[in-house]
Number of protein chains: 2
Amino acid sequence: MTLPPSARALIESGRLAHLGTTNADGSPQVSVVWAGIDGDDIVIAHMGSGAKVRNIVRDPRVVISFDSEEANEIGMKHTLIVHGEAMLTPGGAPELLQQLARVYVSPDAVLPPFPDPPPGHVIHVRVTRVGGVGPWAEG
Amino acid sequence: MTLPPSARALIESGRLAHLGTTNADGSPQVSVVWAGIDGDDIVIAHMGSGAKVRNIVRDPRVVISFDSEEANEIGMKHTLIVHGEAMLTPGGAPELLQQLARVYVSPDAVLPPFPDPPPGHVIHVRVTRVGGVGPWAEG
């Protein structure tokens with residue numbers, strides 16, 4: 001599905017993404033990461049081969065949650081929950097991290113160079129369902 | 001384990017908690033919730049019997065993640081990841097929600113009364129491991 005424009009705007013505003021996957025032993029795993037938008041997908045860069053990458057290789061089902069500074073009429077903050085299927089593509093992680101640093105750190109942020117940069121992975125998440133509390137969850 | 005004072009302070013500052021559990025089919029579940037501290041435990045109130053409660057009954061392993069407005073020296077925001085074992089106790093949810101509303105909404109917040117308040121559940125999370133990026137992850 002296509003992300004509602006309100007959800008897209010929240011993600012592009014630089015709110016951190018809480019990425020949930022499932023470990024091999026069935027326990028839950030959550031990483032807090034930078035996220036961007038590529039077409040209809042949410043994209044996340046990963047330099048190594050940590051737990052979330054191994055989990056996605058085994059089971060591509062993911063949930064990504066965001067909170068917001070906006071609140072509803074009784075003062076409860078908006079939250080965005082995105083369900084999706086993750087696809088791992090090799091390479092491109094340093095470039096995507098540099099692009100996201102301009103959103104998450106500052107518009108002129110330059111990441112320190114890696115001495116011998118590994119290409120890493122980009123995680124593309126195809127969105128299957130959107131929930132939470134906010135304009136993206138209405139109608 | 002006992003939460004490091006820095007982690008405790010972050011939680012008590014009213015940052016939203018991203019609670020990760022595992023669904024019956026092995027897919028990840030994340031809910032964004034209010035969280036408080038009771039002794040050494042993190043406490044979360046739930047009025048109904050939604051997915052996270054059913055998941056915890058089946059498998060008590062949870063992860064709770066928080067982000068922070070504080071950042072490290074290169075501008076990356078601090079994040080707190082708490083691993084733990086959840087225990088469900090019946091009752092007490094409306095009272096805990098009212099207490100947390102004073103942190104998460106405003107110091108004089110009064111939640112609208114439930115017409116026929118269900119007692120709900122309180123989720124106590126015994127902390128087993130703390131990670132992320134921030135003072136709680138050092139040393």
# chains A, B, ... in the order shown; residues from 1 in each chain; ligands from 1
>>> residues_around(residues="stretch 82-90 of chain B", least_positions_apart="6", cutoff="6 Å", atoms="only C-alpha atoms", output="short mmCIF file (atom, residue, chain, number, x, y, z; two decimals) with C-alpha atoms, in the first residue's frame")
data_model
loop_
_atom_site.label_atom_id
_atom_site.label_comp_id
_atom_site.auth_asym_id
_atom_site.auth_seq_id
_atom_site.Cartn_x
_atom_site.Cartn_y
_atom_site.Cartn_z
CA PRO B 60 6.63 -13.03 28.79
CA ARG B 61 9.78 -11.90 26.97
CA VAL B 62 9.48 -8.23 25.99
CA VAL B 63 11.64 -5.37 24.72
CA ILE B 64 10.84 -1.74 25.48
CA HIS B 121 -4.29 -5.23 33.76
CA VAL B 122 -0.99 -3.83 34.95
CA ILE B 123 2.07 -5.20 33.16
CA HIS B 124 5.13 -5.33 35.44
CA VAL B 125 8.38 -5.73 33.51
CA ARG B 126 11.35 -7.10 35.43
CA VAL B 127 14.43 -5.69 33.72
CA THR B 128 17.04 -8.23 32.60
CA ARG B 129 19.25 -6.14 30.26
CA VAL B 130 19.69 -2.49 29.26
#
>>> interface_residues(of="chain B", to="chain A", cutoff="10 Å", atoms="only C-alpha atoms", output="PyMOL selection string")
chain B and resi 15-34+59-68+71+74-83+101+104-106+109-112+132-133
>>> write_last_selection(atoms="N, CA and C atoms", output="compact mmCIF listing (two decimals), in the first residue's frame")
# COMPACT_ATOMS: atom_id res chain seq x y z
N ARG B 15 8.80 10.07 28.23
CA ARG B 15 9.01 9.61 26.85
C ARG B 15 8.13 8.39 26.62
N LEU B 16 7.53 8.30 25.45
CA LEU B 16 6.68 7.15 25.15
C LEU B 16 7.51 5.87 25.05
N ALA B 17 6.89 4.76 25.46
CA ALA B 17 7.54 3.45 25.46
C ALA B 17 7.05 2.65 24.26
N HIS B 18 7.98 2.08 23.51
CA HIS B 18 7.63 1.21 22.38
C HIS B 18 7.82 -0.23 22.87
N LEU B 19 6.70 -0.93 23.08
CA LEU B 19 6.71 -2.25 23.71
C LEU B 19 6.63 -3.33 22.65
N GLY B 20 7.69 -4.12 22.54
CA GLY B 20 7.74 -5.19 21.54
C GLY B 20 7.46 -6.54 22.16
N THR B 21 6.53 -7.28 21.53
CA THR B 21 6.23 -8.65 21.92
C THR B 21 6.19 -9.49 20.64
N THR B 22 5.94 -10.79 20.79
CA THR B 22 5.85 -11.67 19.61
C THR B 22 4.45 -12.24 19.51
N ASN B 23 3.84 -12.11 18.32
CA ASN B 23 2.52 -12.68 18.08
C ASN B 23 2.57 -14.20 18.00
N ALA B 24 1.38 -14.83 18.10
CA ALA B 24 1.28 -16.30 18.06
C ALA B 24 1.88 -16.87 16.78
N ASP B 25 1.78 -16.12 15.67
CA ASP B 25 2.30 -16.63 14.39
C ASP B 25 3.78 -16.28 14.21
N GLY B 26 4.43 -15.75 15.25
CA GLY B 26 5.86 -15.45 15.19
C GLY B 26 6.18 -14.07 14.66
N SER B 27 5.18 -13.33 14.19
CA SER B 27 5.44 -11.98 13.69
C SER B 27 5.62 -11.02 14.87
N PRO B 28 6.35 -9.92 14.65
CA PRO B 28 6.58 -8.97 15.74
C PRO B 28 5.38 -8.07 15.97
N GLN B 29 5.18 -7.65 17.22
CA GLN B 29 4.10 -6.73 17.59
C GLN B 29 4.75 -5.57 18.35
N VAL B 30 4.40 -4.33 18.02
CA VAL B 30 4.89 -3.18 18.79
C VAL B 30 3.69 -2.29 19.14
N SER B 31 3.55 -1.94 20.41
CA SER B 31 2.55 -0.97 20.87
C SER B 31 3.29 0.21 21.46
N VAL B 32 2.77 1.42 21.26
CA VAL B 32 3.38 2.60 21.88
C VAL B 32 2.52 2.97 23.08
N VAL B 33 3.12 2.99 24.26
CA VAL B 33 2.36 3.08 25.51
C VAL B 33 3.02 4.04 26.51
N TRP B 34 2.24 4.41 27.54
CA TRP B 34 2.79 5.14 28.68
C TRP B 34 3.47 4.14 29.61
N ASP B 59 4.05 -15.63 26.09
CA ASP B 59 5.51 -15.54 26.14
C ASP B 59 5.87 -14.21 26.81
N PRO B 60 6.42 -14.26 28.03
CA PRO B 60 6.63 -13.03 28.79
C PRO B 60 7.84 -12.20 28.35
N ARG B 61 8.60 -12.66 27.38
CA ARG B 61 9.78 -11.90 26.97
C ARG B 61 9.36 -10.65 26.20
N VAL B 62 9.83 -9.49 26.65
CA VAL B 62 9.48 -8.23 25.99
C VAL B 62 10.73 -7.37 25.80
N VAL B 63 10.63 -6.42 24.87
CA VAL B 63 11.64 -5.37 24.72
C VAL B 63 10.89 -4.05 24.75
N ILE B 64 11.44 -3.07 25.46
CA ILE B 64 10.84 -1.74 25.48
C ILE B 64 11.90 -0.76 25.03
N SER B 65 11.58 0.06 24.02
CA SER B 65 12.55 1.05 23.54
C SER B 65 12.00 2.46 23.72
N PHE B 66 12.91 3.37 23.98
CA PHE B 66 12.60 4.79 24.18
C PHE B 66 13.59 5.60 23.36
N ASP B 67 13.15 6.73 22.82
CA ASP B 67 14.15 7.66 22.30
C ASP B 67 14.18 8.90 23.18
N SER B 68 15.17 9.75 22.95
CA SER B 68 15.44 10.87 23.84
C SER B 68 15.72 12.11 23.02
N ALA B 71 21.44 14.07 22.75
CA ALA B 71 22.22 13.47 21.66
C ALA B 71 23.67 13.29 22.08
N ILE B 74 28.24 13.40 18.21
CA ILE B 74 28.08 13.63 16.77
C ILE B 74 26.60 13.87 16.39
N GLY B 75 25.78 14.15 17.40
CA GLY B 75 24.40 14.56 17.10
C GLY B 75 23.41 13.42 16.97
N MET B 76 23.85 12.19 17.30
CA MET B 76 22.90 11.07 17.25
C MET B 76 22.13 11.03 18.56
N LYS B 77 20.80 10.99 18.46
CA LYS B 77 19.95 10.98 19.64
C LYS B 77 20.17 9.72 20.48
N HIS B 78 20.10 9.89 21.79
CA HIS B 78 20.18 8.75 22.70
C HIS B 78 18.96 7.85 22.54
N THR B 79 19.17 6.55 22.74
CA THR B 79 18.07 5.58 22.73
C THR B 79 18.28 4.60 23.87
N LEU B 80 17.19 4.17 24.44
CA LEU B 80 17.25 3.21 25.56
C LEU B 80 16.48 1.96 25.16
N ILE B 81 17.15 0.82 25.25
CA ILE B 81 16.50 -0.47 24.93
C ILE B 81 16.52 -1.31 26.21
N VAL B 82 15.35 -1.69 26.68
CA VAL B 82 15.25 -2.48 27.91
C VAL B 82 14.69 -3.86 27.57
N HIS B 83 15.41 -4.89 27.93
CA HIS B 83 14.91 -6.25 27.78
C HIS B 83 14.37 -6.69 29.13
N ALA B 101 -1.01 9.85 33.38
CA ALA B 101 -1.52 11.02 32.63
C ALA B 101 -0.89 12.30 33.16
N TYR B 104 2.44 12.23 31.30
CA TYR B 104 2.42 12.22 29.83
C TYR B 104 1.52 13.30 29.23
N VAL B 105 0.52 13.77 29.97
CA VAL B 105 -0.39 14.78 29.41
C VAL B 105 -0.08 16.14 30.05
N SER B 106 -0.33 16.29 31.34
CA SER B 106 0.01 17.53 32.06
C SER B 106 -0.12 17.25 33.54
N ALA B 109 -3.61 16.80 34.74
CA ALA B 109 -4.51 16.04 33.85
C ALA B 109 -5.44 15.14 34.65
N VAL B 110 -6.70 15.13 34.24
CA VAL B 110 -7.67 14.19 34.81
C VAL B 110 -8.27 13.43 33.63
N LEU B 111 -8.10 12.12 33.62
CA LEU B 111 -8.63 11.33 32.51
C LEU B 111 -10.15 11.34 32.57
N PRO B 112 -10.82 11.37 31.41
CA PRO B 112 -12.29 11.30 31.42
C PRO B 112 -12.70 9.98 32.06
N GLY B 132 21.35 0.23 24.12
CA GLY B 132 21.05 1.45 23.37
C GLY B 132 22.26 2.36 23.33
N VAL B 133 21.99 3.64 23.16
CA VAL B 133 23.04 4.66 23.07
C VAL B 133 22.73 5.73 24.11
